[in-house]
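**Student:** Below is upload.cif; it holds mmCIF, C-alpha atoms.
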data_structure
#
loop_
_atom_site.label_atom_id
_atom_site.label_comp_id
_atom_site.auth_asym_id
_atom_site.auth_seq_id
_atom_site.Cartn_x
_atom_site.Cartn_y
_atom_site.Cartn_z
CA MET J 1 16.37 0.76 19.49
CA LYS J 2 15.58 -2.76 18.30
CA VAL J 3 12.56 -2.79 15.98
CA LEU J 4 10.64 -5.90 14.92
CA GLN J 5 9.38 -5.28 11.37
CA ILE J 6 6.54 -7.64 10.38
CA ASN J 7 5.32 -8.10 6.82
CA LYS J 8 3.83 -10.98 4.85
CA TYR J 9 6.39 -10.79 2.04
CA TYR J 10 10.15 -10.41 2.30
CA PHE J 11 10.54 -9.51 -1.35
CA ARG J 12 9.38 -6.48 -3.32
CA LYS J 13 5.90 -7.48 -4.45
CA GLY J 14 3.99 -4.21 -4.27
CA GLY J 15 3.67 -0.83 -2.60
CA ALA J 16 3.45 -2.19 0.94
CA GLU J 17 6.69 -4.11 0.47
CA THR J 18 8.41 -1.03 -0.92
CA VAL J 19 7.42 0.86 2.22
CA PHE J 20 8.48 -2.10 4.38
CA PHE J 21 11.98 -2.26 2.89
CA ASN J 22 12.33 1.52 2.76
CA THR J 23 11.49 1.64 6.47
CA ILE J 24 14.08 -1.03 7.27
CA ARG J 25 16.78 0.87 5.37
CA LEU J 26 15.75 4.15 7.01
CA LEU J 27 15.93 2.73 10.54
CA GLU J 28 19.22 0.92 9.93
CA GLY J 29 20.65 4.08 8.42
CA HIS J 30 19.99 5.84 11.73
CA GLY J 31 21.71 3.15 13.76
CA HIS J 32 18.73 1.06 14.86
CA THR J 33 18.64 -2.73 14.77
CA VAL J 34 15.86 -4.19 12.63
CA VAL J 35 14.56 -7.75 13.04
CA PRO J 36 12.27 -8.89 10.16
CA PHE J 37 9.48 -11.45 10.47
CA SER J 38 7.88 -12.71 7.24
CA LEU J 39 6.86 -15.76 5.23
CA LYS J 40 9.30 -18.15 3.59
CA SER J 41 9.63 -17.80 -0.17
CA GLU J 42 12.14 -18.61 -2.90
CA ARG J 43 11.81 -14.95 -3.93
CA ASN J 44 12.88 -13.60 -0.53
CA GLU J 45 15.86 -11.35 -0.03
CA LYS J 46 18.58 -12.82 2.16
CA SER J 47 18.08 -12.53 5.92
CA GLU J 48 19.87 -13.93 8.95
CA TYR J 49 16.43 -14.48 10.49
CA GLU J 50 15.12 -16.86 7.77
CA ALA J 51 14.88 -19.74 10.26
CA TYR J 52 12.09 -17.87 12.06
CA PHE J 53 10.08 -17.17 8.89
CA VAL J 54 6.72 -18.92 8.47
CA ASP J 55 6.01 -21.62 5.89
CA TYR J 56 2.61 -20.76 4.40
CA PRO J 57 1.36 -21.04 0.79
CA GLU J 58 0.37 -18.07 -1.35
CA LEU J 59 -3.43 -17.87 -1.48
CA SER J 60 -3.57 -16.67 -5.09
CA GLU J 61 -1.46 -19.65 -6.21
CA SER J 62 -3.44 -22.30 -4.29
CA SER J 63 -6.11 -24.60 -5.69
CA PHE J 64 -9.64 -24.64 -4.29
CA TRP J 65 -8.94 -27.71 -2.16
CA GLN J 66 -5.65 -26.31 -0.91
CA LYS J 67 -7.52 -23.22 0.23
CA ILE J 68 -10.06 -25.35 2.10
CA LYS J 69 -7.27 -27.41 3.68
CA ASN J 70 -5.40 -24.32 4.85
CA MET J 71 -8.46 -22.41 6.06
CA PRO J 72 -7.82 -23.01 9.82
CA SER J 73 -4.29 -21.58 9.60
CA PHE J 74 -5.52 -18.84 7.28
CA ILE J 75 -7.71 -17.63 10.12
CA TYR J 76 -5.35 -18.47 13.01
CA ASN J 77 -1.81 -19.50 12.13
CA SER J 78 -0.39 -21.37 15.10
CA GLU J 79 3.00 -21.81 13.43
CA ALA J 80 3.32 -18.04 13.03
CA ALA J 81 2.58 -17.60 16.73
CA ARG J 82 5.20 -20.19 17.71
CA LYS J 83 7.88 -18.82 15.39
CA LEU J 84 7.28 -15.25 16.53
CA GLU J 85 7.49 -16.23 20.19
CA LYS J 86 10.88 -17.87 19.61
CA LEU J 87 12.08 -14.80 17.74
CA ILE J 88 10.95 -12.48 20.53
CA GLN J 89 12.61 -14.63 23.18
CA GLN J 90 15.84 -14.53 21.18
CA GLU J 91 15.89 -10.84 20.14
CA LYS J 92 13.78 -9.02 22.78
CA PRO J 93 12.64 -6.14 20.53
CA ASP J 94 11.68 -2.74 21.95
CA VAL J 95 8.76 -2.22 19.58
CA ALA J 96 6.95 -4.12 16.81
CA HIS J 97 5.87 -2.52 13.54
CA ILE J 98 3.31 -4.50 11.52
CA HIS J 99 2.70 -3.89 7.82
CA LEU J 100 0.78 -6.82 6.24
CA MET J 101 -0.18 -9.79 8.39
CA PHE J 102 -3.49 -11.08 7.03
CA ASN J 103 -3.81 -14.04 4.63
CA SER J 104 -0.67 -15.50 6.19
CA MET J 105 0.50 -14.85 9.76
CA SER J 106 -3.02 -13.87 10.82
CA VAL J 107 -4.10 -12.35 14.14
CA SER J 108 -2.32 -15.23 15.90
CA ILE J 109 0.72 -12.97 16.34
CA LEU J 110 -1.18 -10.31 18.30
CA PRO J 111 -1.63 -12.21 21.62
CA VAL J 112 2.04 -13.21 21.43
CA LEU J 113 3.11 -9.58 21.20
CA ARG J 114 0.82 -8.74 24.11
CA LYS J 115 2.15 -11.66 26.19
CA TYR J 116 5.66 -10.18 26.05
CA GLY J 117 4.49 -6.61 26.59
CA ILE J 118 5.82 -5.36 23.26
CA PRO J 119 4.41 -2.02 22.06
CA VAL J 120 2.81 -2.42 18.62
CA VAL J 121 2.25 0.00 15.77
CA MET J 122 0.68 -0.93 12.45
CA SER J 123 1.03 0.84 9.12
CA VAL J 124 -2.37 0.48 7.45
CA HIS J 125 -1.72 -0.01 3.74
CA ASP J 126 -5.26 -1.06 2.73
CA TYR J 127 -8.79 -1.38 4.18
CA ARG J 128 -8.65 -4.98 5.40
CA LEU J 129 -9.39 -3.95 9.00
CA VAL J 130 -12.90 -2.82 7.99
CA CYS J 131 -13.46 -4.50 4.60
CA PRO J 132 -12.88 -8.25 4.10
CA ALA J 133 -11.82 -7.78 0.47
CA TYR J 134 -9.77 -4.70 1.52
CA THR J 135 -10.65 -2.48 -1.48
CA PHE J 136 -14.26 -1.39 -0.79
CA THR J 137 -15.27 -2.90 -4.12
CA ASP J 138 -17.43 -5.92 -4.92
CA GLY J 139 -16.69 -8.76 -7.33
CA LYS J 140 -17.82 -6.63 -10.28
CA GLY J 141 -15.59 -3.70 -9.38
CA ASN J 142 -18.42 -1.53 -8.04
CA PHE J 143 -17.93 0.54 -4.88
CA CYS J 144 -19.18 -1.44 -1.91
CA GLU J 145 -19.36 -0.65 1.81
CA ARG J 146 -22.03 -3.20 2.78
CA CYS J 147 -19.78 -4.84 5.39
CA GLY J 148 -19.17 -1.62 7.28
CA SER J 149 -21.53 -2.57 10.10
CA GLY J 150 -19.99 -6.04 10.51
CA SER J 151 -22.21 -7.79 7.95
CA TYR J 152 -19.28 -9.67 6.44
CA TYR J 153 -21.50 -12.25 4.72
CA ASN J 154 -21.90 -9.63 1.98
CA CYS J 155 -18.36 -10.42 0.89
CA ILE J 156 -19.58 -13.95 0.06
CA LEU J 157 -22.86 -12.88 -1.54
CA HIS J 158 -21.13 -10.44 -3.87
CA LYS J 159 -17.92 -12.46 -4.35
CA CYS J 160 -15.97 -9.34 -3.46
CA SER J 161 -12.53 -10.94 -3.75
CA LYS J 162 -12.08 -10.60 -7.51
CA GLY J 163 -15.28 -12.56 -8.17
CA ASN J 164 -13.80 -15.66 -6.53
CA MET J 165 -16.21 -17.48 -4.21
CA ALA J 166 -13.56 -19.49 -2.30
CA ASN J 167 -11.43 -16.41 -1.61
CA SER J 168 -14.47 -14.38 -0.60
CA LEU J 169 -15.60 -17.11 1.79
CA MET J 170 -12.20 -17.28 3.48
CA LEU J 171 -11.93 -13.50 3.82
CA SER J 172 -15.44 -13.28 5.26
CA LEU J 173 -14.81 -16.04 7.82
CA ASP J 174 -11.52 -14.39 8.79
CA SER J 175 -13.30 -11.09 9.43
CA TYR J 176 -15.94 -12.79 11.60
CA PHE J 177 -13.26 -14.64 13.55
CA ARG J 178 -11.38 -11.42 14.23
CA SER J 179 -14.51 -9.56 15.27
CA PHE J 180 -15.42 -12.26 17.81
CA PHE J 181 -12.01 -13.20 19.21
CA TYR J 182 -9.01 -11.03 18.27
CA GLN J 183 -9.95 -7.54 17.17
CA PRO J 184 -6.76 -5.77 16.08
CA VAL J 185 -8.02 -2.46 17.44
CA ASP J 186 -7.84 -4.01 20.92
CA TYR J 187 -4.29 -5.34 20.50
CA ILE J 188 -2.49 -2.64 18.52
CA ASP J 189 -1.34 0.51 20.32
CA ARG J 190 -1.06 2.89 17.35
CA PHE J 191 -2.38 2.74 13.80
CA ILE J 192 -0.36 4.72 11.27
CA PHE J 193 -2.53 5.49 8.26
CA VAL J 194 -0.82 6.57 5.08
CA SER J 195 -3.50 9.11 4.17
CA LYS J 196 -5.99 11.29 5.99
CA PHE J 197 -8.74 9.77 3.83
CA ALA J 198 -7.94 6.24 5.00
CA MET J 199 -7.74 7.34 8.63
CA ASN J 200 -11.11 9.07 8.48
CA LYS J 201 -12.69 6.13 6.65
CA HIS J 202 -11.64 3.73 9.42
CA ILE J 203 -12.91 6.07 12.13
CA GLU J 204 -16.20 6.35 10.23
CA LYS J 205 -16.54 2.55 10.31
CA ASP J 206 -15.31 2.07 13.90
CA LYS J 207 -15.03 4.98 16.35
CA ARG J 208 -12.46 3.08 18.43
CA TYR J 209 -9.76 3.99 15.92
CA ALA J 210 -10.12 7.68 16.75
CA GLY J 211 -8.20 7.40 20.02
CA LYS J 212 -5.21 5.47 18.70
CA CYS J 213 -4.38 6.62 15.20
CA THR J 214 -2.37 9.13 13.22
CA TYR J 215 -1.42 9.56 9.57
CA LEU J 216 2.03 9.59 8.02
CA TYR J 217 2.53 9.74 4.28
CA ASN J 218 4.81 7.22 2.64
CA PHE J 219 8.26 8.38 1.62
CA THR J 220 10.78 7.47 -1.01
CA PRO J 221 14.55 7.50 -0.65
CA LYS J 222 16.05 10.67 -2.05
CA VAL J 223 16.85 10.51 -5.74
CA LYS J 224 19.36 12.57 -7.67
CA ASP J 225 18.45 16.14 -8.51
CA TYR J 226 16.80 15.82 -11.90
CA SER J 227 16.63 18.90 -14.11
CA THR J 228 13.24 20.10 -15.36
CA VAL J 229 12.26 18.49 -18.65
CA LYS J 230 8.86 18.80 -20.30
CA GLY J 231 8.76 15.48 -22.09
CA ASN J 232 6.76 14.56 -25.16
CA TYR J 233 4.64 11.81 -23.57
CA VAL J 234 2.51 11.09 -20.49
CA LEU J 235 3.24 8.07 -18.33
CA TYR J 236 1.29 5.50 -16.35
CA PHE J 237 3.31 3.13 -14.17
CA GLY J 238 1.97 0.56 -11.76
CA ARG J 239 -0.24 -2.49 -11.64
CA ILE J 240 -2.23 -3.32 -14.77
CA SER J 241 -5.64 -4.09 -13.29
CA GLU J 242 -9.25 -2.95 -13.57
CA GLU J 243 -9.42 -0.76 -10.46
CA LYS J 244 -6.45 1.32 -11.61
CA GLY J 245 -8.56 3.05 -14.27
CA ILE J 246 -6.34 2.14 -17.21
CA GLY J 247 -9.39 1.49 -19.41
CA THR J 248 -10.52 5.09 -18.90
CA LEU J 249 -7.01 6.37 -19.64
CA LEU J 250 -6.76 4.39 -22.90
CA LYS J 251 -10.12 5.76 -24.06
CA ALA J 252 -9.02 9.32 -23.31
CA ILE J 253 -5.70 8.81 -25.11
CA GLU J 254 -7.48 7.36 -28.13
CA GLN J 255 -9.40 10.64 -28.38
CA THR J 256 -6.18 12.70 -28.22
CA PRO J 257 -4.05 11.31 -31.08
CA ASP J 258 -1.42 14.04 -30.70
CA ILE J 259 -0.57 12.92 -27.12
CA ARG J 260 1.62 9.88 -26.58
CA LEU J 261 1.14 7.49 -23.65
CA LYS J 262 3.67 5.05 -22.22
CA VAL J 263 2.42 2.34 -19.85
CA VAL J 264 4.86 0.62 -17.49
CA GLY J 265 3.99 -2.39 -15.35
CA THR J 266 2.45 -5.83 -15.30
CA GLY J 267 -0.77 -7.28 -13.97
CA PRO J 268 -3.71 -9.60 -14.61
CA LEU J 269 -5.23 -7.47 -17.39
CA LEU J 270 -2.03 -6.66 -19.28
CA GLU J 271 -2.88 -8.65 -22.42
CA GLN J 272 -6.48 -7.41 -22.47
CA PHE J 273 -5.44 -3.76 -22.31
CA LYS J 274 -2.65 -4.26 -24.83
CA SER J 275 -5.28 -5.48 -27.30
CA LEU J 276 -7.17 -2.20 -26.77
CA CYS J 277 -4.06 -0.08 -27.18
CA PRO J 278 -4.50 2.87 -29.59
CA PRO J 279 -1.65 3.77 -32.01
CA ASN J 280 -0.38 6.61 -29.78
CA ALA J 281 0.07 4.35 -26.73
CA GLU J 282 2.64 1.66 -25.96
CA PHE J 283 3.12 -0.90 -23.19
CA LEU J 284 6.72 -1.23 -22.02
CA GLY J 285 6.37 -4.02 -19.43
CA PHE J 286 8.05 -4.02 -16.04
CA LYS J 287 10.73 -1.41 -15.36
CA SER J 288 12.67 -0.56 -12.22
CA GLY J 289 15.67 1.33 -10.91
CA ASP J 290 17.32 4.02 -13.03
CA GLU J 291 15.39 2.97 -16.13
CA LEU J 292 12.09 3.70 -14.39
CA TRP J 293 13.36 6.97 -12.87
CA GLU J 294 14.39 8.14 -16.35
CA LEU J 295 10.96 7.28 -17.78
CA ILE J 296 9.30 9.31 -15.00
CA HIS J 297 11.71 12.21 -15.45
CA ASN J 298 11.28 12.35 -19.22
CA ALA J 299 7.47 12.29 -19.05
CA SER J 300 5.57 15.57 -19.18
CA PHE J 301 2.99 14.27 -16.68
CA VAL J 302 2.34 11.05 -14.81
CA VAL J 303 -1.30 9.93 -14.86
CA VAL J 304 -2.89 8.13 -11.89
CA PRO J 305 -6.47 7.34 -13.04
CA SER J 306 -7.49 5.03 -10.17
CA GLU J 307 -11.14 4.07 -9.71
CA TRP J 308 -10.99 2.73 -6.15
CA TYR J 309 -10.17 4.24 -2.76
CA GLU J 310 -6.47 4.55 -3.50
CA ASN J 311 -4.60 5.09 -0.26
CA ASN J 312 -1.24 6.85 -0.68
CA PRO J 313 0.18 5.89 -4.09
CA LEU J 314 3.96 5.70 -4.27
CA THR J 315 3.47 6.49 -7.95
CA ILE J 316 2.58 10.07 -7.01
CA ILE J 317 5.25 10.40 -4.35
CA GLU J 318 8.02 9.19 -6.67
CA SER J 319 6.84 11.42 -9.52
CA LEU J 320 6.64 14.60 -7.44
CA MET J 321 10.02 13.88 -5.86
CA ILE J 322 11.59 13.97 -9.34
CA GLY J 323 9.58 17.05 -10.29
CA THR J 324 7.12 15.45 -12.72
CA PRO J 325 3.60 16.85 -12.17
CA VAL J 326 0.71 14.40 -11.76
CA ILE J 327 -2.78 14.11 -13.21
CA GLY J 328 -4.84 12.09 -10.74
CA SER J 329 -8.42 11.04 -10.11
CA ASN J 330 -10.37 12.67 -7.31
CA ILE J 331 -10.71 9.61 -5.10
CA GLY J 332 -9.30 8.20 -1.87
CA GLY J 333 -6.02 9.75 -0.77
CA ILE J 334 -5.02 11.00 -4.23
CA PRO J 335 -6.33 14.61 -3.96
CA GLU J 336 -4.36 15.08 -0.72
CA LEU J 337 -1.18 14.77 -2.76
CA ILE J 338 -1.96 17.01 -5.75
CA GLU J 339 -2.37 20.80 -5.57
CA GLU J 340 -4.72 21.70 -8.40
CA GLY J 341 -2.95 23.74 -11.06
CA LYS J 342 0.26 23.88 -9.00
CA THR J 343 1.66 20.35 -8.89
CA GLY J 344 -0.84 18.73 -11.26
CA TYR J 345 -4.52 18.34 -12.05
CA ILE J 346 -7.51 16.45 -10.63
CA PHE J 347 -10.37 14.81 -12.56
CA GLN J 348 -13.37 12.72 -11.56
CA PRO J 349 -12.67 8.97 -11.64
CA GLY J 350 -13.97 7.24 -14.75
CA ALA J 351 -14.70 10.56 -16.52
CA THR J 352 -13.12 9.95 -19.93
CA ASP J 353 -14.08 13.31 -21.44
CA GLU J 354 -12.81 15.27 -18.44
CA LEU J 355 -9.53 13.37 -18.46
CA ARG J 356 -9.16 13.97 -22.20
CA ASN J 357 -9.67 17.73 -21.73
CA ILE J 358 -7.16 17.86 -18.86
CA LEU J 359 -4.58 15.94 -20.89
CA VAL J 360 -4.92 18.50 -23.70
CA LYS J 361 -4.73 21.40 -21.23
CA ALA J 362 -1.74 19.97 -19.38
CA CYS J 363 0.32 19.18 -22.46
CA ALA J 364 -0.30 22.70 -23.79
CA VAL J 365 1.20 24.60 -20.82
CA SER J 366 4.15 26.81 -21.63
CA ASP J 367 7.69 25.84 -20.74
CA ALA J 368 7.76 28.59 -18.10
CA GLU J 369 4.52 27.39 -16.50
CA TYR J 370 5.74 23.81 -16.61
CA LYS J 371 8.95 24.86 -14.85
CA ARG J 372 6.86 26.45 -12.07
CA MET J 373 4.80 23.25 -11.70
CA SER J 374 7.90 21.07 -11.62
CA ASP J 375 9.55 23.24 -8.95
CA ALA J 376 6.33 23.24 -6.89
CA ALA J 377 6.15 19.43 -7.17
CA LYS J 378 9.68 19.06 -5.79
CA LYS J 379 8.94 21.50 -2.97
CA PHE J 380 5.71 19.69 -2.02
CA ALA J 381 7.53 16.34 -2.05
CA GLU J 382 10.38 17.63 0.10
CA ASP J 383 7.94 19.05 2.65
CA ASN J 384 5.78 15.92 2.84
CA PHE J 385 7.72 12.84 1.70
CA SER J 386 11.33 13.39 2.73
CA GLU J 387 13.25 10.67 4.57
CA GLU J 388 14.17 12.89 7.52
CA ASN J 389 10.63 14.16 8.14
CA HIS J 390 9.32 10.61 7.93
CA TYR J 391 11.99 9.28 10.27
CA GLU J 392 11.35 11.94 12.91
CA ARG J 393 7.61 11.29 12.95
CA LEU J 394 8.00 7.51 12.86
CA ILE J 395 10.42 7.48 15.80
CA LYS J 396 8.11 9.79 17.71
CA ASN J 397 5.31 7.26 17.27
CA TYR J 398 7.57 4.44 18.44
CA GLN J 399 8.63 6.40 21.52
CA GLN J 400 5.05 7.32 22.40
CA VAL J 401 3.77 3.73 22.35
CA ILE J 402 6.83 2.57 24.33
CA GLU J 403 6.12 5.18 27.01
CA GLN J 404 2.44 4.29 27.05
CA LYS J 405 3.31 0.64 27.61
CA LYS J 406 5.67 1.50 30.44
CA ALA J 407 2.99 3.64 32.10
CA MET J 408 0.56 0.70 32.05
CA LYS J 409 2.91 -1.63 33.96
#
Just give me the structure as structure tokens.

**Tutor:**
Amino acid sequence: MKVLQINKYYFRKGGAETVFFNTIRLLEGHGHTVVPFSLKSERNEKSEYEAYFVDYPELSESSFWQKIKNMPSFIYNSEAARKLEKLIQQEKPDVAHIHLMFNSMSVSILPVLRKYGIPVVMSVHDYRLVCPAYTFTDGKGNFCERCGSGSYYNCILHKCSKGNMANSLMLSLDSYFRSFFYQPVDYIDRFIFVSKFAMNKHIEKDKRYAGKCTYLYNFTPKVKDYSTVKGNYVLYFGRISEEKGIGTLLKAIEQTPDIRLKVVGTGPLLEQFKSLCPPNAEFLGFKSGDELWELIHNASFVVVPSEWYENNPLTIIESLMIGTPVIGSNIGGIPELIEEGKTGYIFQPGATDELRNILVKACAVSDAEYKRMSDAAKKFAEDNFSEENHYERLIKNYQQVIEQKKAMK
């Protein structure tokens, strides 16, 4: 099978890119041919298809006037449509799998895929299909679902894109354009949500998703078989930003001086949070590969204190795969991945006192109880996040949309 994999970035920027590259490796490992389609960037990995990649600037790195200048292509990128058509004519893929396409390639690629009768699936990594700012939060970080009925002007009024008026305006206009001209739900054959929560949230906002969606948890390539170790610290790893709940975690750690915290990652609020760091916490910066795996393995628990509708955090998947139990907030797709008292613990988002009490409780479990939790974490991960299970379900989705397309001809 020849699979067209579409994603904004062709370098490892975040969770969506990790899934994108993991999916490419998984498919190639099973003998399929993968054709990538992305944006040009100096940070890209090497690809024989670079000539077909789209030249488009990064929104977050553009000035106000650059954003205004590029607004037409932000909403409908004609170059992306042309480049994709040439790639399709050259490679003739059997199916297309979209990851991230907004803020770059845009919906312009959808009519091209339809023109050539290519079955399309989309992995939904965020909430951009139903929320212009894609996080269900406003510019002040408060939960916000005002746009759910199509009232996208609220994104502008509340500066929902990180408090930035220009960004919020562009995202709002893009959502209106899509709703009037190219609604993805009309062009995409199957939506693959990475959590049941996200799937149900989209159906709640637009009933049309109900007939063409499924959920499939993310996976991580199999790691070596780590032995059970109850470490002497708890770990946070990921993006250092407001919605991740790191402020709540630091407050809880400050109140538990006997518990050590290690924080791994970078982000816009790194320096601010470092200035608030209590003596029993330390920021280690960016880590990857074996160094990161060892930090996860040697932690007693990984903490995921998110305060937004987190979808399907790879942080949890990677931790459970190694056998490190997780303490996570009861929001979004997080509670689907943690069995209370068996593979970790759940607390209410933003509840500092509750998190503090759970940290004390978790770090006090006996070695025997910790061994049971670690073994249960590995078993849960193997049942839900293994490469083979993911591959079988993914290929089944591909085959179903291919057959549906054939039946329509």

**Student:** Calculated over only C-alpha atoms, which of the candidates J:Val194, J:Gly344, J:Pro257, J:Met170 has the smallest distance to Gln66 of chain J?

**Tutor:**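 The closest residue to Gln66 of chain J is J:Met170.
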
**Student:** So which residues get picked by the PyMOL selection byres ((chain J and resi 44) around 9) here, written as a list in words?

**Tutor:**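 Matching residues under the PyMOL selection byres ((chain J and resi 44) around 9) are Tyr9, Tyr10, Phe11, Arg12, Leu39, Lys40, Ser41, Glu42, Arg43, Glu45, Lys46 and Ser47 of chain J.
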
**Student:** Can you list every residue of segment 185-271 of chain J that has an atom at most 9 Å from segment 113-119 of chain J, with its nearest atom pair and the distance in Å to one decimal, using only C-alpha atoms, ordered by chain then number, as a tab-separated table?

**Tutor:**
residue	atom	partner	partner_atom	distance
J:Tyr187	CA	J:Arg114	CA	7.1
J:Ile188	CA	J:Pro119	CA	7.8
J:Asp189	CA	J:Pro119	CA	6.5
J:Arg190	CA	J:Pro119	CA	8.7

**Student:** Fewer than 6 positions away in the same chain doesn't count, so skip those; otherwise give me all residues within 10 Å of Ser149 of chain J, counting all atoms listed in the file, as a ChimeraX atom specification.

**Tutor:** /J:130-131,205-206

**Student:** Take the selection from the previous step and output its residues with C-alpha atoms, as a PDB file, in the coordinates of the input.

**Tutor:**
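Okay, this is what ended up in out.pdb:
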ATOM      1  CA  VAL J 130     -12.900  -2.820   7.990  1.00  0.00           C
ATOM      2  CA  CYS J 131     -13.460  -4.500   4.600  1.00  0.00           C
ATOM      3  CA  LYS J 205     -16.540   2.550  10.310  1.00  0.00           C
ATOM      4  CA  ASP J 206     -15.310   2.070  13.900  1.00  0.00           C
TER       5      ASP J 206
END

**Student:** Name the residues that the PyMOL selection byres ((chain J and resi 97) around 8) picks from the file above, as a list in words, using the file's chain letters and numbers.

**Tutor:** Val3, Leu4, Gln5, Ile6, Val95, Ala96, Ile98, His99, Val120, Val121, Met122 and Ser123 of chain J

**Student:** For a quick check of understanding, using only C-alpha atoms, which of J:Val229, J:Ala80, J:Val360, J:Ile192 has the smallest distance to Tyr398 of chain J?

**Tutor:**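 The shortest atom-to-atom distance to Tyr398 of chain J comes from J:Ile192.
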
**Student:** Please tabulate, as a tab-separated table, the residues of segment 217-262 of chain J that come within 12 Å of segment 291-299 of chain J, each with its closest pair of atoms and the distance in Å to one decimal, counting all atoms listed in the file and ordering rows by chain, then residue number upward.

**Tutor:**
residue	atom	partner	partner_atom	distance
J:Lys222	CA	J:Trp293	CA	11.7
J:Val223	CA	J:Trp293	CA	8.7
J:Lys224	CA	J:Trp293	CA	9.7
J:Asp225	CA	J:His297	CA	10.4
J:Tyr226	CA	J:His297	CA	7.2
J:Ser227	CA	J:His297	CA	8.4
J:Thr228	CA	J:His297	CA	8.0
J:Val229	CA	J:Asn298	CA	6.2
J:Lys230	CA	J:Ala299	CA	6.8
J:Gly231	CA	J:Ala299	CA	4.6
J:Asn232	CA	J:Ala299	CA	6.6
J:Tyr233	CA	J:Ala299	CA	5.4
J:Val234	CA	J:Ala299	CA	5.3
J:Leu235	CA	J:Ala299	CA	6.0
J:Tyr236	CA	J:Ile296	CA	9.0
J:Phe237	CA	J:Ile296	CA	8.6
J:Gly238	CA	J:Leu292	CA	10.9
J:Ile259	CA	J:Ala299	CA	11.4
J:Arg260	CA	J:Ala299	CA	9.8
J:Leu261	CA	J:Ala299	CA	9.2
J:Lys262	CA	J:Ala299	CA	8.8

**Student:** Any idea what the distance is between atom CA of Glu85 of chain J and atom CA of Pro36 of chain J?

**Tutor:** 13.3 Å

**Student:** Kindly indicate which residue among J:Leu129, J:Met408, J:Ala166, J:Ile240 lies nearest to Val304 of chain J, using only C-alpha atoms for the distances.

**Tutor:**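 Closest to Val304 of chain J, using only C-alpha atoms: J:Ile240.
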
**Student:** Can you list, as a VMD selection string, the residues that the PyMOL selection byres ((chain J and resi 209) around 12) selects here?

**Tutor:** chain J and resid 124 129 to 130 183 to 193 198 to 208 210 to 215

**Student:** List as a list in words the protein and nucleic acid residues near Gly163 of chain J, meaning an atom at most 8 Å away when all atoms listed in the file are counted, but skip any in the same chain fewer than 4 places from it.

**Tutor:**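 Non-adjacent residues within range: Asp138, Gly139, Lys140, His158, Lys159 and Ser168 of chain J.
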
**Student:** List as a PyMOL selection string: which residues have an atom within 9 Å of (-5.5, 12.9, 0.4), counting all atoms listed in the file?

**Tutor:** chain J and resi 195-198+311-312+331-338

**Student:** Looking at J:Thr256, J:Cys277, J:Gly245, J:Arg393, which one is nearest to Gly328 of chain J, with distances taken over all atoms listed in the file?

**Tutor:**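 Between J:Thr256, J:Cys277, J:Gly245, J:Arg393, the residue approaching Gly328 of chain J most closely is J:Gly245.
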
**Student:** Of the candidates J:Ala133, J:Ser241, J:Tyr127, J:Asn7, which shows the shortest atom-to-atom distance to Phe21 of chain J, using all atoms listed in the file?

**Tutor:**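 Among the listed residues, the smallest separation from Phe21 of chain J belongs to J:Asn7.
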
**Student:** Of the residues J:Ile88, J:Val302, J:Ile246, J:Leu100, which is the one nearest to Val112 of chain J, using only C-alpha atoms?

**Tutor:** J:Ile88

**Student:** Hey, can you check how far atom CA of Asp353 of chain J sits from atom CA of Gln255 of chain J?

**Tutor:** 8.8 Å

**Student:** Neighbouring residues of Arg178 of chain J were defined as those with any atom within 10 Å, considering all atoms listed in the file; residues of the same chain fewer than 6 positions away were excluded. Please report them as a PDB file with C-alpha atoms, in the frame of the given file.

**Tutor:**
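out.pdb written:
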ATOM      1  CA  ILE J  75      -7.710 -17.630  10.120  1.00  0.00           C
ATOM      2  CA  TYR J  76      -5.350 -18.470  13.010  1.00  0.00           C
ATOM      3  CA  SER J 106      -3.020 -13.870  10.820  1.00  0.00           C
ATOM      4  CA  VAL J 107      -4.100 -12.350  14.140  1.00  0.00           C
ATOM      5  CA  SER J 108      -2.320 -15.230  15.900  1.00  0.00           C
ATOM      6  CA  LEU J 129      -9.390  -3.950   9.000  1.00  0.00           C
ATOM      7  CA  PRO J 184      -6.760  -5.770  16.080  1.00  0.00           C
TER       8      PRO J 184
END

**Student:** Find the residues around Lys274 of chain J up to 12 Å (only C-alpha atoms counted), leave out those fewer than 5 positions away in its own chain, and share them as a short mmCIF file (atom, residue, chain, number, x, y, z; two decimals) with C-alpha atoms, in the coordinates of the input.

**Tutor:**
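The new file selection.cif reads:
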data_model
loop_
_atom_site.label_atom_id
_atom_site.label_comp_id
_atom_site.auth_asym_id
_atom_site.auth_seq_id
_atom_site.Cartn_x
_atom_site.Cartn_y
_atom_site.Cartn_z
CA ILE J 240 -2.23 -3.32 -14.77
CA SER J 241 -5.64 -4.09 -13.29
CA ILE J 246 -6.34 2.14 -17.21
CA GLY J 247 -9.39 1.49 -19.41
CA LEU J 250 -6.76 4.39 -22.90
CA LYS J 262 3.67 5.05 -22.22
CA VAL J 263 2.42 2.34 -19.85
CA VAL J 264 4.86 0.62 -17.49
CA GLY J 265 3.99 -2.39 -15.35
CA THR J 266 2.45 -5.83 -15.30
CA GLY J 267 -0.77 -7.28 -13.97
CA PRO J 268 -3.71 -9.60 -14.61
CA LEU J 269 -5.23 -7.47 -17.39
CA PRO J 279 -1.65 3.77 -32.01
CA ALA J 281 0.07 4.35 -26.73
CA GLU J 282 2.64 1.66 -25.96
CA PHE J 283 3.12 -0.90 -23.19
CA LEU J 284 6.72 -1.23 -22.02
CA GLY J 285 6.37 -4.02 -19.43
#
